[in-house]
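Asker: Got a structure for you, model_11.csv, holding CSV, C-alpha atoms and all ligand atoms.
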```csv
chain,number,residue,atom,x,y,z
A,1028,MET,CA,41.2,3.5,58.4
A,1029,ARG,CA,37.9,2.6,56.6
A,1030,THR,CA,37.6,4.5,53.4
A,1031,THR,CA,34.3,6.3,53.4
A,1032,VAL,CA,32.9,8.5,50.6
A,1033,GLY,CA,33.7,11.4,52.8
A,1034,SER,CA,37.3,10.6,53.3
A,1035,LEU,CA,37.7,9.8,49.6
A,1036,LEU,CA,36.3,13.2,48.8
A,1037,VAL,CA,38.7,14.8,51.2
A,1038,MET,CA,41.6,12.9,49.6
A,1039,LEU,CA,40.5,13.9,46.1
A,1040,LEU,CA,40.0,17.5,47.1
A,1041,GLY,CA,43.4,17.5,48.8
A,1042,ALA,CA,45.0,16.2,45.6
A,1043,VAL,CA,43.3,19.0,43.6
A,1044,LEU,CA,44.3,21.7,46.1
A,1045,GLU,CA,47.9,20.5,46.0
A,1046,VAL,CA,48.2,20.6,42.2
A,1047,VAL,CA,47.4,24.3,42.0
A,1048,PRO,CA,50.1,25.7,44.4
A,1049,ALA,CA,52.6,23.1,43.0
A,1050,THR,CA,52.3,24.6,39.5
A,1051,ALA,CA,52.5,28.1,40.8
A,1052,VAL,CA,55.7,27.3,42.7
A,1053,ALA,CA,57.1,25.7,39.5
A,1054,ALA,CA,56.3,28.8,37.5
A,1055,ASP,CA,57.9,30.9,40.3
A,1056,ALA,CA,61.0,28.8,40.4
A,1057,LYS,CA,61.3,29.1,36.6
A,1058,LEU,CA,61.0,32.9,36.8
A,1059,VAL,CA,63.5,33.1,39.6
A,1060,ALA,CA,66.0,30.9,37.7
A,1061,GLN,CA,65.6,33.2,34.7
A,1062,GLY,CA,66.0,36.2,37.0
A,1063,LYS,CA,69.2,34.8,38.4
A,1064,GLU,CA,70.7,34.7,34.9
A,1065,VAL,CA,69.7,38.3,34.3
A,1066,TYR,CA,71.1,39.2,37.7
A,1067,THR,CA,74.4,37.5,36.9
A,1068,ALA,CA,74.7,39.3,33.6
A,1069,HIS,CA,73.6,42.8,34.7
A,1070,CYS,CA,73.6,43.3,38.4
A,1071,VAL,CA,76.0,41.0,40.3
A,1072,LEU,CA,79.0,43.2,39.7
A,1073,CYS,CA,77.5,45.9,41.9
A,1074,HIS,CA,74.9,44.3,44.1
A,1075,GLY,CA,76.9,41.2,44.8
A,1076,GLU,CA,76.3,37.4,44.7
A,1077,LYS,CA,74.5,37.4,48.0
A,1078,GLY,CA,72.5,40.6,47.1
A,1079,ASP,CA,74.2,42.4,50.0
A,1080,GLY,CA,75.6,45.3,47.9
A,1081,LYS,CA,79.1,43.9,48.2
A,1082,GLY,CA,79.9,43.2,44.5
A,1083,LEU,CA,83.3,43.4,42.9
A,1084,THR,CA,82.7,47.1,42.1
A,1085,GLY,CA,82.6,48.0,45.8
A,1086,ILE,CA,82.2,51.7,46.5
A,1087,ILE,CA,80.5,53.4,43.5
A,1088,ALA,CA,81.5,57.0,44.4
A,1089,ARG,CA,83.5,58.8,47.0
A,1090,TYR,CA,83.4,62.5,47.4
A,1091,GLN,CA,83.4,65.3,49.9
A,1092,LYS,CA,80.7,68.0,50.3
A,1093,HIS,CA,79.9,70.4,53.1
A,1094,GLY,CA,82.8,68.8,55.0
A,1095,VAL,CA,81.1,65.3,54.9
A,1096,VAL,CA,82.8,62.4,53.2
A,1097,ILE,CA,80.3,60.4,51.2
A,1098,GLN,CA,80.8,56.8,50.1
A,1099,LEU,CA,78.0,55.5,47.9
A,1100,TYR,CA,77.4,51.8,47.8
A,1101,PRO,CA,75.0,49.7,45.7
A,1102,ARG,CA,71.8,48.7,47.6
A,1103,ASP,CA,71.9,45.8,50.0
A,1104,PHE,CA,68.8,43.8,49.1
A,1105,THR,CA,69.0,41.6,52.2
A,1106,ALA,CA,67.5,44.4,54.3
A,1107,GLY,CA,64.4,44.5,52.1
A,1108,MET,CA,64.4,48.3,52.4
A,1109,PHE,CA,63.7,50.5,49.4
A,1110,LYS,CA,63.9,54.3,48.9
A,1111,PHE,CA,61.8,54.8,45.8
A,1112,ARG,CA,58.2,53.6,46.4
A,1113,THR,CA,54.7,54.7,45.8
A,1114,THR,CA,53.8,52.9,49.0
A,1115,PRO,CA,53.7,54.4,52.6
A,1116,THR,CA,56.8,54.4,54.7
A,1117,GLY,CA,57.7,51.0,56.2
A,1118,TYR,CA,56.0,49.1,53.4
A,1119,LEU,CA,57.5,47.1,50.6
A,1120,PRO,CA,57.4,48.7,47.1
A,1121,THR,CA,55.1,47.4,44.4
A,1122,ASP,CA,56.5,45.5,41.4
A,1123,ALA,CA,55.7,48.6,39.3
A,1124,ASP,CA,57.9,50.7,41.6
A,1125,LEU,CA,60.8,48.2,41.3
A,1126,LEU,CA,60.3,48.0,37.5
A,1127,LYS,CA,60.5,51.7,37.3
A,1128,THR,CA,63.8,51.8,39.2
A,1129,VAL,CA,65.3,48.9,37.2
A,1130,THR,CA,64.2,50.3,33.9
A,1131,GLU,CA,65.1,54.0,34.4
A,1132,GLY,CA,68.0,53.6,36.8
A,1133,ILE,CA,68.7,56.1,39.6
A,1134,LEU,CA,70.2,59.4,38.5
A,1135,ARG,CA,73.4,60.6,40.2
A,1136,SER,CA,74.0,57.3,41.9
A,1137,GLY,CA,75.7,55.0,39.4
A,1138,MET,CA,72.6,52.7,39.2
A,1139,PRO,CA,72.3,52.4,35.4
A,1140,SER,CA,69.1,52.3,33.3
A,1141,HIS,CA,68.2,48.8,32.0
A,1142,GLU,CA,65.9,49.9,29.1
A,1143,ASP,CA,67.9,47.6,26.9
A,1144,VAL,CA,67.0,44.5,28.9
A,1145,SER,CA,63.7,42.9,27.7
A,1146,LEU,CA,60.6,43.5,29.9
A,1147,ALA,CA,60.4,39.7,30.6
A,1148,ASP,CA,64.0,39.7,31.9
A,1149,ARG,CA,63.4,42.8,34.0
A,1150,LYS,CA,60.4,41.2,35.6
A,1151,ALA,CA,62.3,38.0,36.2
A,1152,VAL,CA,65.2,39.8,37.9
A,1153,ILE,CA,62.8,41.6,40.2
A,1154,ALA,CA,61.4,38.1,41.2
A,1155,TYR,CA,65.1,37.1,41.9
A,1156,ILE,CA,66.1,40.1,44.0
A,1157,LYS,CA,63.1,39.3,46.2
A,1158,THR,CA,64.7,36.0,47.2
A,1159,PHE,CA,67.4,38.0,49.1
A,1160,SER,CA,65.1,39.1,51.9
A,1161,PRO,CA,62.5,37.2,54.0
A,1162,ARG,CA,60.4,40.3,54.0
A,1163,TRP,CA,59.1,39.4,50.6
A,1164,THR,CA,57.5,36.1,51.8
A,1165,GLU,CA,56.3,37.6,55.2
A,1166,GLU,CA,54.7,40.8,54.0
A,1167,GLU,CA,52.6,42.3,51.3
A,1168,PRO,CA,53.6,45.5,49.5
A,1169,GLY,CA,51.7,48.6,50.7
A,1170,GLU,CA,48.8,50.2,48.8
A,1171,PRO,CA,50.2,52.9,46.5
A,1172,ILE,CA,49.5,56.5,47.7
A,1173,LYS,CA,47.3,58.2,45.2
A,1174,ILE,CA,48.6,61.5,43.8
A,1175,GLY,CA,46.1,63.7,42.1
A,1176,LYS,CA,46.5,66.1,39.3
A,1177,VAL,CA,49.0,69.0,40.0
A,1178,PRO,CA,46.7,71.9,41.1
A,1179,SER,CA,46.9,75.1,39.0
A,1180,TYR,CA,48.2,77.2,41.9
A,1181,VAL,CA,51.4,75.2,42.1
A,1182,GLY,CA,54.3,77.5,41.2
A,1183,THR,CA,52.3,80.8,41.8
A,1184,ALA,CA,54.0,83.4,44.0
A,1185,ALA,CA,51.4,83.0,46.8
A,1186,SER,CA,51.9,79.2,46.8
A,1187,VAL,CA,55.7,79.5,46.9
A,1188,LYS,CA,55.4,81.9,49.8
A,1189,ARG,CA,53.2,79.5,51.8
A,1190,GLY,CA,55.5,76.6,50.9
A,1191,LYS,CA,58.5,78.5,52.2
A,1192,GLU,CA,56.9,79.0,55.6
A,1193,LEU,CA,55.9,75.3,55.7
A,1194,TYR,CA,59.4,74.3,54.7
A,1195,LYS,CA,60.7,76.1,57.8
A,1196,LYS,CA,57.8,75.1,60.0
A,1197,VAL,CA,57.8,71.3,59.4
A,1198,GLY,CA,61.6,71.1,59.5
A,1199,CYS,CA,62.8,70.5,55.9
A,1200,PHE,CA,65.3,73.2,56.5
A,1201,GLN,CA,66.9,71.2,59.3
A,1202,CYS,CA,68.4,69.0,56.8
A,1203,HIS,CA,68.1,70.6,53.4
A,1204,GLY,CA,69.0,74.1,54.6
A,1205,LEU,CA,67.1,77.4,54.3
A,1206,SER,CA,68.3,78.0,50.8
A,1207,GLY,CA,67.9,74.3,49.8
A,1208,LYS,CA,71.6,73.7,49.4
A,1209,GLY,CA,71.5,70.5,51.6
A,1210,ASP,CA,73.5,72.3,54.3
A,1211,GLY,CA,71.0,72.5,57.2
A,1212,PRO,CA,72.0,72.3,60.8
A,1213,SER,CA,71.5,68.5,61.0
A,1214,SER,CA,73.0,67.8,57.6
A,1215,ALA,CA,76.6,66.9,58.7
A,1216,THR,CA,75.4,64.2,61.2
A,1217,LEU,CA,73.0,62.1,59.0
A,1218,LYS,CA,73.6,58.4,58.5
A,1219,ASP,CA,71.6,55.9,56.5
A,1220,ALA,CA,70.3,52.5,57.8
A,1221,TRP,CA,73.7,51.0,57.0
A,1222,GLY,CA,75.5,53.5,59.1
A,1223,ASP,CA,77.0,55.4,56.2
A,1224,ALA,CA,77.1,59.2,56.0
A,1225,ILE,CA,74.4,60.6,53.7
A,1226,LEU,CA,73.7,64.2,52.6
A,1227,PRO,CA,70.3,65.7,52.1
A,1228,PHE,CA,69.5,66.6,48.6
A,1229,ASP,CA,70.9,69.9,47.3
A,1230,PHE,CA,67.9,71.5,45.5
A,1231,THR,CA,70.3,73.9,43.6
A,1232,SER,CA,72.3,71.0,42.2
A,1233,GLY,CA,70.0,69.8,39.4
A,1234,ALA,CA,68.0,66.7,38.9
A,1235,LEU,CA,66.5,64.6,41.7
A,1236,LYS,CA,67.5,60.9,41.8
A,1237,MET,CA,64.0,59.6,40.9
A,1238,GLY,CA,62.4,62.3,38.6
A,1239,SER,CA,62.4,66.0,39.1
A,1240,GLY,CA,58.7,67.0,38.3
A,1241,PRO,CA,56.2,68.2,40.8
A,1242,VAL,CA,54.7,64.7,41.3
A,1243,ASP,CA,58.2,63.3,42.0
A,1244,ILE,CA,58.9,65.9,44.7
A,1245,TYR,CA,55.4,65.3,46.2
A,1246,ARG,CA,56.0,61.5,46.3
A,1247,THR,CA,59.4,61.9,47.9
A,1248,PHE,CA,58.2,63.6,51.1
A,1249,VAL,CA,54.9,61.9,51.3
A,1250,THR,CA,56.3,58.3,51.1
A,1251,GLY,CA,59.7,59.2,52.6
A,1252,LEU,CA,62.9,57.4,51.4
A,1253,ASP,CA,63.1,54.3,53.6
A,1254,GLY,CA,66.6,53.4,54.8
A,1255,THR,CA,67.6,57.1,54.8
A,1256,PRO,CA,66.8,59.9,57.3
A,1257,MET,CA,64.5,61.5,54.7
A,1258,PRO,CA,61.2,61.1,56.6
A,1259,SER,CA,57.6,60.6,55.5
A,1260,TYR,CA,55.2,63.5,56.0
A,1261,GLU,CA,52.1,61.5,55.0
A,1262,GLU,CA,50.4,62.1,58.4
A,1263,SER,CA,51.4,65.6,59.1
A,1264,LEU,CA,50.5,67.7,56.0
A,1265,SER,CA,47.2,68.5,54.3
A,1266,GLU,CA,46.9,68.1,50.5
A,1267,LYS,CA,47.2,71.9,50.0
A,1268,GLN,CA,50.2,72.2,52.2
A,1269,ARG,CA,51.9,69.4,50.3
A,1270,TRP,CA,51.5,71.1,47.0
A,1271,ASP,CA,52.6,74.5,48.5
A,1272,ILE,CA,55.8,72.7,49.6
A,1273,VAL,CA,56.2,71.4,46.1
A,1274,SER,CA,55.9,75.0,44.8
A,1275,TYR,CA,58.7,76.1,47.1
A,1276,CYS,CA,61.0,73.2,46.1
A,1277,LEU,CA,60.4,74.0,42.4
A,1278,ALA,CA,61.2,77.6,43.1
A,1279,VAL,CA,64.5,76.7,44.9
A,1280,MET,CA,65.3,74.4,42.0
A,1281,GLN,CA,64.6,77.4,39.8
A,1282,GLN,CA,62.1,75.5,37.8
A,1283,GLY,CA,59.3,78.0,38.3
A,1284,LYS,CA,55.8,77.0,37.3
A,1285,PRO,CA,55.6,73.3,36.2
A,1286,HIS,CA,55.4,72.8,32.5
A,1287,LEU,CA,51.9,71.9,31.4
A,1288,ALA,CA,53.1,68.5,30.2
A,1289,GLU,CA,54.1,67.5,33.8
A,1290,ARG,CA,50.7,68.3,35.2
B,1301,LIG,C1,77.1,50.1,38.4
B,1301,LIG,C2,76.5,49.5,39.6
B,1301,LIG,C3,75.1,49.0,39.5
B,1301,LIG,C4,74.5,48.1,38.7
B,1301,LIG,C5,75.2,47.4,37.5
B,1301,LIG,C6,73.2,47.9,39.1
B,1301,LIG,N1,72.9,48.7,40.2
B,1301,LIG,FE1,71.2,48.7,41.3
B,1301,LIG,N2,71.9,50.2,42.5
B,1301,LIG,C7,73.2,50.7,42.4
B,1301,LIG,C8,73.4,51.7,43.4
B,1301,LIG,C9,74.7,52.5,43.7
B,1301,LIG,C10,72.2,51.8,44.1
B,1301,LIG,C11,71.9,52.8,45.3
B,1301,LIG,C12,71.4,54.1,44.8
B,1301,LIG,C13,71.0,55.1,45.9
B,1301,LIG,O1,70.6,54.6,46.9
B,1301,LIG,O2,71.0,56.3,45.6
B,1301,LIG,C14,71.3,50.9,43.5
B,1301,LIG,C15,70.0,50.6,43.9
B,1301,LIG,C16,69.1,49.6,43.4
B,1301,LIG,C17,67.8,49.4,43.9
B,1301,LIG,C18,67.1,50.0,45.1
B,1301,LIG,C19,66.2,51.2,44.8
B,1301,LIG,C20,65.5,51.7,46.0
B,1301,LIG,O3,64.3,52.1,45.9
B,1301,LIG,O4,66.1,51.8,47.1
B,1301,LIG,C21,67.3,48.3,43.1
B,1301,LIG,C22,65.9,47.7,43.3
B,1301,LIG,C23,68.3,48.0,42.2
B,1301,LIG,N3,69.4,48.8,42.4
B,1301,LIG,C24,68.2,47.0,41.3
B,1301,LIG,C25,69.2,46.6,40.3
B,1301,LIG,C26,69.1,45.6,39.4
B,1301,LIG,C27,67.9,44.6,39.3
B,1301,LIG,C28,70.2,45.6,38.6
B,1301,LIG,C29,70.5,44.7,37.4
B,1301,LIG,C30,69.5,44.6,36.4
B,1301,LIG,C31,71.0,46.6,39.1
B,1301,LIG,N4,70.4,47.3,40.2
B,1301,LIG,C32,72.3,47.0,38.6
B,1301,LIG,C33,74.2,50.3,41.5
B,1301,LIG,C34,74.0,49.4,40.5
B,1302,LIG,C1,66.2,64.5,58.8
B,1302,LIG,C2,66.7,65.0,57.6
B,1302,LIG,C3,65.7,65.4,56.5
B,1302,LIG,C4,64.5,66.1,56.6
B,1302,LIG,C5,63.9,66.7,57.8
B,1302,LIG,C6,64.0,66.2,55.2
B,1302,LIG,N1,64.8,65.6,54.3
B,1302,LIG,FE1,64.6,65.4,52.3
B,1302,LIG,N2,66.3,64.2,52.2
B,1302,LIG,C7,67.1,63.9,53.2
B,1302,LIG,C8,68.1,63.1,52.8
B,1302,LIG,C9,69.3,62.5,53.6
B,1302,LIG,C10,68.0,62.9,51.4
B,1302,LIG,C11,68.9,62.1,50.4
B,1302,LIG,C12,68.4,60.7,50.2
B,1302,LIG,C13,69.3,60.0,49.2
B,1302,LIG,O1,70.1,60.7,48.4
B,1302,LIG,O2,69.2,58.8,49.1
B,1302,LIG,C14,66.8,63.7,51.0
B,1302,LIG,C15,66.3,63.8,49.7
B,1302,LIG,C16,65.2,64.6,49.4
B,1302,LIG,C17,64.7,64.8,48.0
B,1302,LIG,C18,65.4,64.3,46.8
B,1302,LIG,C19,64.8,62.9,46.3
B,1302,LIG,C20,65.4,62.4,45.1
B,1302,LIG,O3,64.7,61.7,44.3
B,1302,LIG,O4,66.6,62.6,44.9
B,1302,LIG,C21,63.7,65.7,48.1
B,1302,LIG,C22,62.8,66.3,47.0
B,1302,LIG,C23,63.4,66.0,49.5
B,1302,LIG,N3,64.4,65.3,50.3
B,1302,LIG,C24,62.5,66.9,50.0
B,1302,LIG,C25,62.3,67.1,51.4
B,1302,LIG,C26,61.2,68.0,51.9
B,1302,LIG,C27,60.2,68.7,51.0
B,1302,LIG,C28,61.3,68.0,53.2
B,1302,LIG,C29,60.3,68.6,54.2
B,1302,LIG,C30,58.9,68.4,54.0
B,1302,LIG,C31,62.4,67.1,53.6
B,1302,LIG,N4,63.0,66.6,52.4
B,1302,LIG,C32,62.8,66.9,54.9
B,1302,LIG,C33,66.9,64.3,54.5
B,1302,LIG,C34,65.9,65.0,55.1
```
Could you spell out this file's structure in structure tokens?
Answerer:
Amino acid sequence: MRTTVGSLLVMLLGAVLEVVPATAVAADAKLVAQGKEVYTAHCVLCHGEKGDGKGLTGIIARYQKHGVVIQLYPRDFTAGMFKFRTTPTGYLPTDADLLKTVTEGILRSGMPSHEDVSLADRKAVIAYIKTFSPRWTEEEPGEPIKIGKVPSYVGTAASVKRGKELYKKVGCFQCHGLSGKGDGPSSATLKDAWGDAILPFDFTSGALKMGSGPVDIYRTFVTGLDGTPMPSYEESLSEKQRWDIVSYCLAVMQQGKPHLAER
């Protein structure tokens, strides 16, 4: 082939274009390698070498409630499915979502907090757990759902009353039960995406897994908890209806009006 100015330019441009992604890949590989070390030190015992949740620890907890035997396992990262997100149902979580989970841990589940691990190491381990599922190279995380300030009517008697009606009307009671004890008509038959029995949250039992303030409750039923039967109500409820349901949940949790600091 005759070398023309044009083809030289193309070759030069090609060389320049190649350099950029190559360095990005090298930086990624370094981060992933660092993340693997963090994973081996802090996560592998539970989440397993292959990231399939089958570490040496095995079952984290086994108990019986409302006649259902619950066996709780560490998350299987190969499914690329996550419960605690700010993103709509069906979408991957953001890095900030994963950082929150890794940093704070998940209450009542045996997933510990990793506040003692440096921020750089926590970010690296997040890059590493993404290597377990192809979803992370095929898809982008969703756009976080914006949650506004908690309206002042949240927790008022009128809002709790409206929330209670909605809680019945849209079917929360089917799983969580009319009195919020997690013993609704469907509760005994629920399975998660891995085929394991799972119980709906018992609102009278104390803290939620991922924060117990009004915004946390709102986020739970707007995003849904992917991989569990807990659905997303993003499409079916108005903003006001959402906050009324929050009021009712807080009332069942006997939290009353949210503290000013949580608004
Ligand atoms: C003692 C066991 C244990 C250790 C150690 C542990 N985890 Fe977990 N992890 C769990 C359990 C159990 C769950 C599932 C909790 C649930 O679904 O309620 C979980 C869930 C998760 C989730 C999924 C959250 C979601 O939104 O679905 C992520 C991400 C995670 N762990 C990351 C990590 C990372 C990273 C480390 C190490 C830095 C780690 N875990 C260490 C037990 C553990
Ligand atoms: C089909 C059954 C089902 C329906 C309907 C349902 N939930 Fe759930 N919900 C669940 C299950 C199962 C869990 C437990 C998930 C877990 O522990 O991982 C849950 C958990 C929760 C949690 C606790 C989240 C946490 O961080 O621990 C809240 C709050 C909640 N649901 C609110 C609602 C509200 C409000 C509605 C109605 C708008 C509703 N749910 C409808 C099954 C359901």
Asker: Could you jot down the CA of Val1065 (chain A) to CA of Val1152 (chain A) separation for me, Å, one decimal place?
Answerer: 6.0 Å
Asker: Mind dumping a table of every chain A residue within 7 Å of ligand LIG 1301 (chain B), with the nearest atom pair and its distance in Å to one decimal, using only C-alpha atoms and all ligand atoms, sorted by chain and rising number, as CSV?
Answerer:
```
residue,atom,partner,partner_atom,distance
A:Val1065,CA,B:LIG1301,C30,6.6
A:Tyr1066,CA,B:LIG1301,C29,5.5
A:His1069,CA,B:LIG1301,C29,4.5
A:Cys1070,CA,B:LIG1301,C29,3.5
A:Leu1072,CA,B:LIG1301,C5,6.1
A:Cys1073,CA,B:LIG1301,C2,4.4
A:His1074,CA,B:LIG1301,N1,6.2
A:Ile1087,CA,B:LIG1301,C9,5.9
A:Leu1099,CA,B:LIG1301,C9,6.1
A:Tyr1100,CA,B:LIG1301,C9,5.0
A:Pro1101,CA,B:LIG1301,C8,3.4
A:Arg1102,CA,B:LIG1301,C15,4.5
A:Met1108,CA,B:LIG1301,O4,6.6
A:Phe1109,CA,B:LIG1301,O4,3.6
A:Lys1110,CA,B:LIG1301,O3,3.7
A:Phe1111,CA,B:LIG1301,O3,3.7
A:Arg1112,CA,B:LIG1301,O3,6.3
A:Leu1125,CA,B:LIG1301,C22,5.5
A:Thr1128,CA,B:LIG1301,C19,6.1
A:Val1129,CA,B:LIG1301,C24,5.4
A:Ile1133,CA,B:LIG1301,C12,6.2
A:Ser1136,CA,B:LIG1301,O2,4.9
A:Gly1137,CA,B:LIG1301,C9,5.1
A:Met1138,CA,B:LIG1301,C33,3.7
A:Pro1139,CA,B:LIG1301,C4,5.8
A:His1141,CA,B:LIG1301,C30,6.2
A:Arg1149,CA,B:LIG1301,C30,6.8
A:Val1152,CA,B:LIG1301,C27,5.7
A:Ile1153,CA,B:LIG1301,C27,6.0
A:Ile1156,CA,B:LIG1301,C27,6.8
A:Lys1236,CA,B:LIG1301,O2,6.9
```
Asker: Could those selected residues go to a file with C-alpha atoms, as a PDB file, keeping the file's coordinate frame?
Answerer:
```
ATOM      1  CA  VAL A1065      69.700  38.300  34.300  1.00  0.00           C
ATOM      2  CA  TYR A1066      71.100  39.200  37.700  1.00  0.00           C
ATOM      3  CA  HIS A1069      73.600  42.800  34.700  1.00  0.00           C
ATOM      4  CA  CYS A1070      73.600  43.300  38.400  1.00  0.00           C
ATOM      5  CA  LEU A1072      79.000  43.200  39.700  1.00  0.00           C
ATOM      6  CA  CYS A1073      77.500  45.900  41.900  1.00  0.00           C
ATOM      7  CA  HIS A1074      74.900  44.300  44.100  1.00  0.00           C
ATOM      8  CA  ILE A1087      80.500  53.400  43.500  1.00  0.00           C
ATOM      9  CA  LEU A1099      78.000  55.500  47.900  1.00  0.00           C
ATOM     10  CA  TYR A1100      77.400  51.800  47.800  1.00  0.00           C
ATOM     11  CA  PRO A1101      75.000  49.700  45.700  1.00  0.00           C
ATOM     12  CA  ARG A1102      71.800  48.700  47.600  1.00  0.00           C
ATOM     13  CA  MET A1108      64.400  48.300  52.400  1.00  0.00           C
ATOM     14  CA  PHE A1109      63.700  50.500  49.400  1.00  0.00           C
ATOM     15  CA  LYS A1110      63.900  54.300  48.900  1.00  0.00           C
ATOM     16  CA  PHE A1111      61.800  54.800  45.800  1.00  0.00           C
ATOM     17  CA  ARG A1112      58.200  53.600  46.400  1.00  0.00           C
ATOM     18  CA  LEU A1125      60.800  48.200  41.300  1.00  0.00           C
ATOM     19  CA  THR A1128      63.800  51.800  39.200  1.00  0.00           C
ATOM     20  CA  VAL A1129      65.300  48.900  37.200  1.00  0.00           C
ATOM     21  CA  ILE A1133      68.700  56.100  39.600  1.00  0.00           C
ATOM     22  CA  SER A1136      74.000  57.300  41.900  1.00  0.00           C
ATOM     23  CA  GLY A1137      75.700  55.000  39.400  1.00  0.00           C
ATOM     24  CA  MET A1138      72.600  52.700  39.200  1.00  0.00           C
ATOM     25  CA  PRO A1139      72.300  52.400  35.400  1.00  0.00           C
ATOM     26  CA  HIS A1141      68.200  48.800  32.000  1.00  0.00           C
ATOM     27  CA  ARG A1149      63.400  42.800  34.000  1.00  0.00           C
ATOM     28  CA  VAL A1152      65.200  39.800  37.900  1.00  0.00           C
ATOM     29  CA  ILE A1153      62.800  41.600  40.200  1.00  0.00           C
ATOM     30  CA  ILE A1156      66.100  40.100  44.000  1.00  0.00           C
ATOM     31  CA  LYS A1236      67.500  60.900  41.800  1.00  0.00           C
TER      32      LYS A1236
END
```
Asker: Could I get the residue neighbourhood of ligand LIG 1302 (chain B) at 9 Å, counting only C-alpha atoms and all ligand atoms, as a PyMOL selection string?
Answerer: chain A and resi 1110-1111+1133-1136+1193-1195+1197-1203+1209+1211+1213-1214+1217-1219+1224-1230+1234-1239+1243-1249+1251-1260+1264+1269+1272-1273+1275-1276
Asker: Restricting it to C-alpha atoms, dump the selection as a short mmCIF file (atom, residue, chain, number, x, y, z; two decimals), in the frame of the given file.
Answerer:
```
data_model
loop_
_atom_site.label_atom_id
_atom_site.label_comp_id
_atom_site.auth_asym_id
_atom_site.auth_seq_id
_atom_site.Cartn_x
_atom_site.Cartn_y
_atom_site.Cartn_z
CA LYS A 1110 63.90 54.30 48.90
CA PHE A 1111 61.80 54.80 45.80
CA ILE A 1133 68.70 56.10 39.60
CA LEU A 1134 70.20 59.40 38.50
CA ARG A 1135 73.40 60.60 40.20
CA SER A 1136 74.00 57.30 41.90
CA LEU A 1193 55.90 75.30 55.70
CA TYR A 1194 59.40 74.30 54.70
CA LYS A 1195 60.70 76.10 57.80
CA VAL A 1197 57.80 71.30 59.40
CA GLY A 1198 61.60 71.10 59.50
CA CYS A 1199 62.80 70.50 55.90
CA PHE A 1200 65.30 73.20 56.50
CA GLN A 1201 66.90 71.20 59.30
CA CYS A 1202 68.40 69.00 56.80
CA HIS A 1203 68.10 70.60 53.40
CA GLY A 1209 71.50 70.50 51.60
CA GLY A 1211 71.00 72.50 57.20
CA SER A 1213 71.50 68.50 61.00
CA SER A 1214 73.00 67.80 57.60
CA LEU A 1217 73.00 62.10 59.00
CA LYS A 1218 73.60 58.40 58.50
CA ASP A 1219 71.60 55.90 56.50
CA ALA A 1224 77.10 59.20 56.00
CA ILE A 1225 74.40 60.60 53.70
CA LEU A 1226 73.70 64.20 52.60
CA PRO A 1227 70.30 65.70 52.10
CA PHE A 1228 69.50 66.60 48.60
CA ASP A 1229 70.90 69.90 47.30
CA PHE A 1230 67.90 71.50 45.50
CA ALA A 1234 68.00 66.70 38.90
CA LEU A 1235 66.50 64.60 41.70
CA LYS A 1236 67.50 60.90 41.80
CA MET A 1237 64.00 59.60 40.90
CA GLY A 1238 62.40 62.30 38.60
CA SER A 1239 62.40 66.00 39.10
CA ASP A 1243 58.20 63.30 42.00
CA ILE A 1244 58.90 65.90 44.70
CA TYR A 1245 55.40 65.30 46.20
CA ARG A 1246 56.00 61.50 46.30
CA THR A 1247 59.40 61.90 47.90
CA PHE A 1248 58.20 63.60 51.10
CA VAL A 1249 54.90 61.90 51.30
CA GLY A 1251 59.70 59.20 52.60
CA LEU A 1252 62.90 57.40 51.40
CA ASP A 1253 63.10 54.30 53.60
CA GLY A 1254 66.60 53.40 54.80
CA THR A 1255 67.60 57.10 54.80
CA PRO A 1256 66.80 59.90 57.30
CA MET A 1257 64.50 61.50 54.70
CA PRO A 1258 61.20 61.10 56.60
CA SER A 1259 57.60 60.60 55.50
CA TYR A 1260 55.20 63.50 56.00
CA LEU A 1264 50.50 67.70 56.00
CA ARG A 1269 51.90 69.40 50.30
CA ILE A 1272 55.80 72.70 49.60
CA VAL A 1273 56.20 71.40 46.10
CA TYR A 1275 58.70 76.10 47.10
CA CYS A 1276 61.00 73.20 46.10
#
```
Asker: What's around Val1177 (chain A) at 8 Å? Count all atoms listed in the file, leave out sequence neighbours fewer than 4 positions away in its own chain, and write the answer as a list in words.
Answerer: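 The filter keeps Val1181, Pro1241, Val1242, Trp1270 and Arg1290 of chain A.
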Asker: Around (68.1, 76.6, 47.2) in the file's frame, which residues reach within 7 Å when counting all atoms listed in the file? Return as JSON, numbers by chain?
Answerer: {"A": [1206, 1207, 1208, 1230, 1231, 1279, 1280]}
Asker: Do you have the CA of Ala1051 (chain A)-CA of Thr1114 (chain A) distance handy?
Answerer: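 About the pair CA of Ala1051 (chain A) and CA of Thr1114 (chain A): they are 26.2 Å apart.
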Asker: Neighbours of Phe1104 (chain A) within 6 Å (only C-alpha atoms; same-chain residues fewer than 2 positions away dropped), as a list in words?
Answerer: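 Here the answer would be Gly1078, Asp1079, Arg1102, Ala1106, Gly1107 and Phe1159 of chain A.
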Asker: Would you compute the distance between CA of Thr1121 (chain A) and CA of Gly1169 (chain A)? Give it in Å to one decimal.
Answerer: 7.3 Å
